[in-house]
$ cat structure_32.cif   # mmCIF, C-alpha atoms and all ligand atoms
data_target
#
loop_
_atom_site.label_atom_id
_atom_site.label_comp_id
_atom_site.auth_asym_id
_atom_site.auth_seq_id
_atom_site.Cartn_x
_atom_site.Cartn_y
_atom_site.Cartn_z
CA MET E 27 61.51 83.69 139.99
CA LYS E 28 59.09 83.12 137.13
CA THR E 29 55.46 82.96 138.19
CA LYS E 30 53.81 79.61 137.48
CA ILE E 31 50.33 79.86 135.93
CA ILE E 32 47.76 77.08 136.34
CA GLU E 33 44.58 77.12 134.27
CA LEU E 34 41.66 74.99 135.45
CA ASP E 35 38.22 74.32 134.00
CA GLU E 36 36.51 73.95 137.36
CA ILE E 37 37.56 74.21 141.00
CA ASP E 38 35.81 74.88 144.31
CA SER E 39 37.71 78.16 144.80
CA THR E 40 40.98 79.37 143.28
CA ASN E 41 41.94 80.85 146.68
CA GLU E 42 41.39 77.45 148.36
CA PHE E 43 43.38 75.74 145.59
CA CYS E 44 46.36 78.01 146.36
CA LYS E 45 46.16 77.21 150.07
CA ARG E 46 46.67 73.52 149.27
CA PHE E 47 50.10 74.34 147.78
CA PRO E 48 51.63 76.93 150.14
CA ASN E 49 55.15 76.08 148.99
CA GLU E 50 54.31 76.88 145.37
CA ALA E 51 54.40 80.69 145.71
CA ASP E 52 54.72 82.53 143.27
CA LEU E 53 51.64 81.06 141.68
CA ILE E 54 48.70 82.28 139.61
CA VAL E 55 45.63 80.06 139.36
CA CYS E 56 42.65 80.74 137.15
CA ALA E 57 39.45 78.81 136.56
CA LYS E 58 36.59 78.97 134.08
CA ARG E 59 34.11 78.47 136.92
CA GLN E 60 34.11 77.93 140.69
CA THR E 61 31.70 75.68 142.54
CA LYS E 62 32.30 77.30 145.96
CA GLY E 63 33.57 80.78 145.14
CA LYS E 64 34.27 82.73 148.31
CA GLY E 65 33.44 86.38 148.89
CA THR E 66 34.40 88.70 151.73
CA LYS E 67 32.80 88.45 155.18
CA GLY E 68 32.12 84.72 154.76
CA ARG E 69 29.77 85.28 151.83
CA SER E 70 29.75 83.11 148.73
CA PHE E 71 30.70 84.49 145.32
CA ILE E 72 28.67 83.25 142.35
CA SER E 73 31.24 82.15 139.78
CA ASP E 74 29.47 80.99 136.64
CA GLU E 75 31.18 80.42 133.33
CA GLY E 76 31.89 83.67 131.47
CA GLY E 77 33.68 85.45 134.32
CA VAL E 78 37.38 85.56 135.12
CA TYR E 79 38.35 83.95 138.44
CA VAL E 80 41.99 84.35 139.37
CA SER E 81 44.12 84.00 142.49
CA VAL E 82 47.68 85.22 142.85
CA MET E 83 49.75 83.66 145.65
CA LYS E 84 52.97 85.39 146.69
CA ARG E 85 55.32 85.07 149.62
CA TYR E 86 56.64 88.30 151.11
CA LYS E 87 59.70 88.59 153.35
CA ASN E 88 59.88 91.32 156.03
CA PHE E 89 56.18 91.91 155.73
CA ASP E 90 54.66 94.75 157.69
CA PHE E 91 51.02 95.67 158.11
CA SER E 92 51.26 98.68 155.76
CA ASN E 93 52.07 96.23 152.93
CA THR E 94 48.45 95.04 153.01
CA PHE E 95 47.36 98.24 151.29
CA SER E 96 50.04 97.87 148.58
CA ILE E 97 48.71 94.38 147.89
CA MET E 98 45.20 95.74 147.64
CA ILE E 99 45.99 98.71 145.43
CA ASN E 100 47.95 96.45 143.12
CA ALA E 101 44.89 94.26 142.66
CA CYS E 102 42.55 97.27 142.18
CA VAL E 103 44.78 99.07 139.70
CA ALA E 104 45.49 95.84 137.77
CA VAL E 105 41.73 95.34 137.37
CA CYS E 106 41.09 99.01 136.48
CA ASN E 107 43.86 98.97 133.87
CA THR E 108 42.39 95.76 132.42
CA LEU E 109 39.02 97.47 132.02
CA LYS E 110 40.72 100.52 130.50
CA ALA E 111 42.49 98.29 127.97
CA PHE E 112 39.00 97.35 126.74
CA ASN E 113 37.99 101.03 126.51
CA LEU E 114 35.90 100.97 129.66
CA ASN E 115 35.96 103.64 132.32
CA PRO E 116 36.27 102.05 135.80
CA THR E 117 36.30 103.76 139.20
CA VAL E 118 37.35 102.43 142.59
CA LYS E 119 35.31 102.52 145.76
CA TRP E 120 37.58 102.53 148.80
CA ALA E 121 38.96 100.27 149.72
CA ASN E 122 38.99 97.60 147.03
CA ASP E 123 35.83 97.57 144.94
CA VAL E 124 36.03 98.28 141.23
CA LEU E 125 32.93 99.79 139.66
CA LEU E 126 31.61 100.37 136.16
CA ASN E 127 28.82 102.92 135.81
CA GLY E 128 28.50 102.93 139.61
CA LYS E 129 27.96 99.17 139.91
CA LYS E 130 30.40 96.53 141.15
CA VAL E 131 32.15 94.68 138.30
CA CYS E 132 34.79 92.90 140.34
CA GLY E 133 35.22 91.42 143.80
CA THR E 134 38.54 90.93 145.55
CA LEU E 135 39.23 88.58 148.44
CA ILE E 136 42.68 88.97 150.01
CA GLU E 137 43.79 86.31 152.47
CA ASN E 138 47.12 86.98 154.19
CA ARG E 139 48.80 84.43 156.44
CA LEU E 140 51.62 85.73 158.58
CA GLY E 141 54.40 83.21 159.21
CA ALA E 142 57.55 83.15 161.31
CA ASP E 143 60.25 85.81 160.68
CA ASN E 144 57.71 88.32 159.35
CA THR E 145 57.03 86.38 156.19
CA CYS E 146 53.56 86.53 154.73
CA LEU E 147 51.81 84.23 152.34
CA SER E 148 49.36 86.42 150.49
CA ILE E 149 46.54 85.14 148.29
CA VAL E 150 44.72 87.75 146.22
CA GLY E 151 41.55 86.36 144.63
CA ILE E 152 39.81 88.35 141.94
CA GLY E 153 36.43 87.63 140.39
CA LEU E 154 35.75 89.83 137.35
CA ASN E 155 32.33 89.85 135.71
CA VAL E 156 32.98 89.68 131.98
CA ASN E 157 30.37 87.78 129.89
CA ASN E 158 28.65 85.96 132.76
CA LEU E 159 24.95 86.51 133.35
CA LEU E 160 24.14 87.93 136.78
CA PRO E 161 21.36 86.58 138.96
CA GLU E 162 18.30 88.86 139.18
CA GLU E 163 18.99 89.80 142.82
CA LEU E 164 22.42 91.24 141.98
CA LYS E 165 21.43 93.32 138.95
CA GLU E 166 20.80 96.46 141.05
CA ILE E 167 24.30 96.49 142.50
CA ALA E 168 26.51 94.55 140.10
CA THR E 169 27.37 94.70 136.42
CA THR E 170 29.51 92.97 133.80
CA MET E 171 31.94 94.18 131.15
CA ARG E 172 29.53 92.75 128.58
CA GLU E 173 26.70 94.94 129.86
CA SER E 174 28.84 98.07 129.48
CA LYS E 175 30.09 97.15 126.02
CA GLY E 176 26.73 95.91 124.76
CA ARG E 177 28.45 92.79 123.42
CA LYS E 178 30.44 89.77 124.56
CA LEU E 179 34.18 90.17 125.04
CA ASN E 180 36.97 87.75 124.22
CA LEU E 181 37.32 86.10 127.63
CA LYS E 182 40.84 84.80 126.99
CA SER E 183 42.07 88.30 126.10
CA VAL E 184 40.52 89.79 129.23
CA ARG E 185 42.08 87.06 131.38
CA ALA E 186 45.50 87.43 129.73
CA GLN E 187 45.43 91.21 130.21
CA LEU E 188 44.47 90.84 133.88
CA ILE E 189 47.18 88.26 134.56
CA LYS E 190 49.76 90.49 132.88
CA ASN E 191 48.64 93.53 134.88
CA LEU E 192 48.65 91.57 138.15
CA GLN E 193 52.38 91.03 137.76
CA ASN E 194 53.08 94.79 137.78
CA GLU E 195 53.42 97.10 140.76
CA TYR E 196 51.37 100.26 141.09
CA THR E 197 51.38 103.38 143.24
CA VAL E 198 48.76 105.00 145.40
CA GLU E 199 48.67 107.87 142.86
CA GLU E 200 47.56 105.41 140.17
CA TYR E 201 44.93 104.07 142.59
CA LYS E 202 43.69 107.61 143.24
CA SER E 203 43.42 108.30 139.52
CA PHE E 204 40.39 105.95 139.58
CA VAL E 205 38.68 107.76 142.48
CA ASN E 206 35.82 110.05 141.45
CA TRP E 207 34.37 110.79 144.90
CA PHE E 208 36.90 113.06 146.63
CA GLY E 209 35.02 116.05 148.02
CA GLN E 210 31.76 114.07 148.24
CA GLU E 211 29.57 113.43 151.27
CA VAL E 212 29.70 109.70 152.04
CA TYR E 213 28.67 107.28 154.76
CA LEU E 214 31.19 105.31 156.81
CA ASP E 215 29.79 102.10 158.24
CA ALA E 216 31.13 99.96 161.09
CA ASN E 217 29.42 97.43 163.38
CA GLY E 218 25.92 98.53 162.47
CA GLN E 219 26.78 102.22 163.03
CA ARG E 220 26.81 104.85 160.32
CA LEU E 221 28.67 108.18 160.22
CA SER E 222 28.44 110.96 157.65
CA ALA E 223 31.76 112.28 156.37
CA THR E 224 33.33 114.22 153.54
CA ALA E 225 35.88 112.05 151.72
CA LEU E 226 39.05 114.03 151.02
CA ASP E 227 41.95 111.76 150.12
CA VAL E 228 43.61 108.35 150.50
CA ASP E 229 47.09 108.39 152.04
CA GLU E 230 50.16 106.22 151.27
CA LYS E 231 49.08 103.66 153.88
CA GLY E 232 45.61 103.33 152.40
CA ASN E 233 43.81 105.31 155.10
CA LEU E 234 40.82 107.33 154.01
CA ILE E 235 41.29 110.97 154.96
CA CYS E 236 37.97 112.57 155.68
CA GLU E 237 36.25 115.31 157.59
CA ILE E 238 33.85 114.22 160.31
CA ASP E 239 32.05 116.91 162.33
CA GLY E 240 34.60 119.52 161.27
CA GLU E 241 37.61 117.37 162.22
CA ILE E 242 40.06 115.79 159.76
CA GLN E 243 40.38 112.06 160.52
CA LYS E 244 42.30 109.09 159.16
CA ILE E 245 40.18 105.96 158.79
CA SER E 246 41.62 102.51 158.16
CA SER E 247 39.75 100.11 155.90
CA ALA E 248 39.91 97.49 158.66
CA GLU E 249 37.77 99.83 160.79
CA MET E 250 35.12 101.09 158.43
CA SER E 251 33.67 100.71 154.98
CA LEU E 252 32.58 103.42 152.58
CA ARG E 253 29.04 103.77 151.22
CA PHE E 254 27.95 106.33 148.66
CA LYS E 255 24.97 108.45 149.66
CA CYS E 256 23.16 108.25 146.30
CA SER E 257 23.81 104.64 145.37
CA THR E 258 22.94 101.08 146.29
CA VAL E 259 26.62 100.02 146.09
C1 LIG E 301 33.73 89.92 147.22
O1 LIG E 301 33.42 90.87 146.52
O2 LIG E 301 33.03 89.54 148.15
C2 LIG E 301 35.04 89.21 146.92
C3 LIG E 301 34.86 88.16 145.88
C4 LIG E 301 36.17 87.49 145.47
C5 LIG E 301 35.95 86.41 144.45
C6 LIG E 301 37.24 85.82 143.95
S1 LIG E 301 37.00 84.81 142.54
C7 LIG E 301 38.63 84.21 142.65
C8 LIG E 301 38.91 84.00 144.12
N1 LIG E 301 38.43 82.71 144.55
C9 LIG E 301 37.44 82.79 145.43
O3 LIG E 301 36.86 81.82 145.95
N2 LIG E 301 37.15 84.06 145.68
C10 LIG E 301 38.01 84.95 144.93
#
$ encode --input "structure_32.cif" --output "C-alpha cells"
Amino acid sequence: MKTKIIELDEIDSTNEFCKRFPNEADLIVCAKRQTKGKGTKGRSFISDEGGVYVSVMKRYKNFDFSNTFSIMINACVAVCNTLKAFNLNPTVKWANDVLLNGKKVCGTLIENRLGADNTCLSIVGIGLNVNNLLPEELKEIATTMRESKGRKLNLKSVRAQLIKNLQNEYTVEEYKSFVNWFGQEVYLDANGQRLSATALDVDEKGNLICEIDGEIQKISSAEMSLRFKCSTV
C-alpha cells in the first residue's frame, strides 16, 4: 500500500496527530513546527521552525518484541543516511540517538501500541535539528545541521531525503557502521545507578554486548542507557 504523506504548518505533536487516526496506517506526517513536541521520558521537545518534525505510523502483523529494535535501527539509519547525503558525518549513540560532532542532532520517540492478534501500531517520531536555533541551555549537548555546515540548508530537501529514507529497511550492520565507540569505556545508567563497562558490540536484537567486571553481558536498551565517559551527551 502506498504511504500517505500529510504536510502541516503547525500541530501540537506529529505523534499525537497520528494517534487520532489509527486506521490511517501507513501514514507519514510532517510539520514545520510543533507547539507541544514530545520527547522521551515525558519530556517536551522544543520544535521551532527550521527543524524537521516527522512521524511515521505503520501497522505490523505478527509483531514480536524483537521487532522494536528493527523499528529503531530503521529510524536511526534513515536519519544517518540523510545526514550523509548532505556530506555530514553522523554517529549513533546506542540505542537511538544520532550525533554530529559528539552532540545530539536528532531525537526519536517511538510509541508502540500492541493490539489483538499480535498486531502493533507503531509511531516513530523524529525531530531533526536542521536550521533551527537552539536555546542557550541545549547548546552544550545539542547541535544542528546548520552549525556543522556553517550555513543554512534547504529544509525541503532535507525533509524529502529523510522521508524517502524512512521508507527503506536497514540492517543492524548498517546501524553498526555509524558506531564509533566499540572498544571504549562507557557508563551504563539505570534507576540512578551507574556501572562502568567496555562496549563491544550490538547484536541482531539490539542488545549492547559489553564487558562488566571481566564478564561479557548482554544489555537491553529497555534496561539501561549508555553515557560516554568524556562527553556531556
Ligand atoms: C527525544 O530526544 O527526547 C525524542 C524527541 C522526539 C521528537 C519528535 S519530533 C516529531 C515527533 N513528534 C513529537 O511530538 N515528538 C517526536
$ residues_around --input "structure_32.cif" --residues "region 73-83 of chain E" --least-positions-apart "2" --cutoff "8 Å" --atoms "all atoms listed in the file" --output "VMD selection string"
chain E and resid 40 to 41 44 51 to 63 71 85 147 to 159 181 184 to 185 192
$ closest_residue --input "structure_32.cif" --among "E:Asp90, E:Asp229, E:Asp35, E:Glu50" --to "Thr145 (chain E)" --atoms "only C-alpha atoms"
E:Asp90
$ residues_around --input "structure_32.cif" --residues "Ala223 (chain E)" --least-positions-apart "2" --cutoff "12 Å" --atoms "only C-alpha atoms" --output "PyMOL selection string"
chain E and resi 207-215+220-221+225-227+234-245+250-255
$ residues_near_point --input "structure_32.cif" --point "(53.3, 105.7, 141.5)" --cutoff "12 Å" --atoms "all atoms listed in the file" --output "PyMOL selection string"
chain E and resi 96+99-100+103+194-203+230
$ axis_aligned_box --input "structure_32.cif" --around "region 145-160 of chain E" --padding-each-side "6 Å" --output "JSON"
{"center_x": 40.6, "center_y": 87.0, "center_z": 143.0, "size_x": 44.9, "size_y": 17.6, "size_z": 38.3}
$ atom_distance --input "structure_32.cif" --atom1 "CA of Lys64 (chain E)" --atom2 "CA of Asn144 (chain E)"
26.5 Å
$ closest_residue --input "structure_32.cif" --among "E:Asn127, E:Asn88, E:Thr134, E:Asn93" --to "ligand LIG 301 (chain E)" --atoms "only C-alpha atoms and all ligand atoms"
E:Thr134
$ closest_residue --input "structure_32.cif" --among "E:Lys28, E:Ala111, E:Glu137, E:Asn233" --to "ligand LIG 301 (chain E)" --atoms "all atoms listed in the file"
E:Glu137
$ atom_distance --input "structure_32.cif" --atom1 "CA of Ser92 (chain E)" --atom2 "CA of Ala248 (chain E)"
11.8 Å
$ atom_distance --input "structure_32.cif" --atom1 "CA of Gln219 (chain E)" --atom2 "CA of Trp120 (chain E)"
17.9 Å
$ closest_residue --input "structure_32.cif" --among "E:Lys87, E:Lys119, E:Arg46, E:Lys130" --to "ligand LIG 301 (chain E)" --atoms "only C-alpha atoms and all ligand atoms"
E:Lys130
$ closest_residue --input "structure_32.cif" --among "E:Arg139, E:Arg172, E:Lys178, E:Lys45" --to "ligand LIG 301 (chain E)" --atoms "all atoms listed in the file"
E:Lys45
$ decode --input "structure_32.cif" --residues "region 131-161 of chain E" --atoms "N, CA, C and O atoms" --output "short mmCIF file (atom, residue, chain, number, x, y, z; two decimals), in the first residue's frame"
data_model
loop_
_atom_site.label_atom_id
_atom_site.label_comp_id
_atom_site.auth_asym_id
_atom_site.auth_seq_id
_atom_site.Cartn_x
_atom_site.Cartn_y
_atom_site.Cartn_z
N VAL E 131 21.85 15.62 17.36
CA VAL E 131 21.27 16.40 16.26
C VAL E 131 19.82 15.99 16.00
O VAL E 131 19.09 16.68 15.30
N CYS E 132 19.43 14.87 16.61
CA CYS E 132 18.11 14.32 16.30
C CYS E 132 17.58 13.55 17.50
O CYS E 132 18.33 12.85 18.17
N GLY E 133 16.29 13.70 17.76
CA GLY E 133 15.64 12.91 18.82
C GLY E 133 14.59 12.02 18.20
O GLY E 133 13.93 12.40 17.23
N THR E 134 14.44 10.83 18.75
CA THR E 134 13.45 9.88 18.23
C THR E 134 12.55 9.41 19.36
O THR E 134 13.04 9.00 20.42
N LEU E 135 11.26 9.49 19.14
CA LEU E 135 10.29 9.00 20.12
C LEU E 135 9.45 7.92 19.45
O LEU E 135 8.70 8.20 18.51
N ILE E 136 9.61 6.68 19.92
CA ILE E 136 8.87 5.56 19.33
C ILE E 136 7.75 5.15 20.29
O ILE E 136 8.01 4.86 21.45
N GLU E 137 6.53 5.16 19.78
CA GLU E 137 5.40 4.76 20.61
C GLU E 137 4.71 3.57 19.93
O GLU E 137 4.15 3.72 18.85
N ASN E 138 4.82 2.40 20.56
CA ASN E 138 4.23 1.18 20.00
C ASN E 138 2.99 0.80 20.80
O ASN E 138 3.04 0.76 22.03
N ARG E 139 1.91 0.51 20.09
CA ARG E 139 0.70 0.04 20.79
C ARG E 139 0.36 -1.35 20.31
O ARG E 139 0.01 -1.53 19.14
N LEU E 140 0.46 -2.32 21.22
CA LEU E 140 0.15 -3.69 20.83
C LEU E 140 -1.36 -3.89 20.82
O LEU E 140 -2.06 -3.41 21.73
N GLY E 141 -1.86 -4.54 19.76
CA GLY E 141 -3.30 -4.79 19.67
C GLY E 141 -3.56 -6.28 19.76
O GLY E 141 -2.68 -7.06 20.11
N ALA E 142 -4.80 -6.66 19.44
CA ALA E 142 -5.15 -8.08 19.46
C ALA E 142 -4.39 -8.79 18.34
O ALA E 142 -3.88 -8.14 17.43
N ASP E 143 -4.29 -10.10 18.40
CA ASP E 143 -3.65 -10.94 17.36
C ASP E 143 -2.23 -10.49 17.04
O ASP E 143 -1.81 -10.52 15.87
N ASN E 144 -1.50 -10.03 18.04
CA ASN E 144 -0.09 -9.64 17.83
C ASN E 144 0.11 -8.55 16.80
O ASN E 144 1.17 -8.48 16.17
N THR E 145 -0.88 -7.71 16.58
CA THR E 145 -0.63 -6.58 15.69
C THR E 145 -0.03 -5.46 16.54
O THR E 145 -0.16 -5.44 17.76
N CYS E 146 0.66 -4.57 15.87
CA CYS E 146 1.24 -3.44 16.59
C CYS E 146 1.11 -2.18 15.75
O CYS E 146 1.45 -2.19 14.56
N LEU E 147 0.61 -1.14 16.36
CA LEU E 147 0.57 0.15 15.70
C LEU E 147 1.79 0.91 16.21
O LEU E 147 1.93 1.16 17.41
N SER E 148 2.69 1.19 15.29
CA SER E 148 3.96 1.80 15.70
C SER E 148 4.04 3.23 15.16
O SER E 148 3.81 3.46 13.98
N ILE E 149 4.36 4.16 16.04
CA ILE E 149 4.54 5.56 15.62
C ILE E 149 5.98 5.96 15.94
O ILE E 149 6.41 5.91 17.09
N VAL E 150 6.72 6.27 14.89
CA VAL E 150 8.12 6.68 15.06
C VAL E 150 8.19 8.17 14.79
O VAL E 150 7.95 8.62 13.66
N GLY E 151 8.48 8.95 15.81
CA GLY E 151 8.56 10.41 15.66
C GLY E 151 10.01 10.86 15.67
O GLY E 151 10.79 10.46 16.55
N ILE E 152 10.36 11.65 14.69
CA ILE E 152 11.75 12.10 14.56
C ILE E 152 11.80 13.62 14.52
O ILE E 152 11.07 14.26 13.75
N GLY E 153 12.63 14.19 15.34
CA GLY E 153 12.85 15.64 15.32
C GLY E 153 14.30 15.89 14.97
O GLY E 153 15.20 15.53 15.73
N LEU E 154 14.54 16.46 13.79
CA LEU E 154 15.92 16.66 13.31
C LEU E 154 16.22 18.16 13.31
O LEU E 154 15.48 18.96 12.72
N ASN E 155 17.30 18.52 13.99
CA ASN E 155 17.70 19.93 14.03
C ASN E 155 18.42 20.28 12.74
O ASN E 155 19.51 19.76 12.46
N VAL E 156 17.81 21.14 11.96
CA VAL E 156 18.38 21.50 10.66
C VAL E 156 18.87 22.96 10.71
O VAL E 156 20.05 23.23 10.94
N ASN E 157 17.94 23.91 10.50
CA ASN E 157 18.31 25.34 10.52
C ASN E 157 17.85 26.03 11.80
O ASN E 157 18.12 27.22 11.99
N ASN E 158 17.11 25.30 12.65
CA ASN E 158 16.53 25.93 13.84
C ASN E 158 17.61 26.39 14.81
O ASN E 158 18.69 25.78 14.89
N LEU E 159 17.30 27.46 15.55
CA LEU E 159 18.24 27.97 16.54
C LEU E 159 17.96 27.28 17.87
O LEU E 159 16.80 27.17 18.27
N LEU E 160 19.00 26.82 18.52
CA LEU E 160 18.81 26.07 19.77
C LEU E 160 18.80 27.02 20.96
O LEU E 160 19.55 28.01 20.97
N PRO E 161 17.99 26.72 21.98
CA PRO E 161 18.04 27.55 23.18
C PRO E 161 19.40 27.39 23.87
O PRO E 161 20.04 26.34 23.77
#
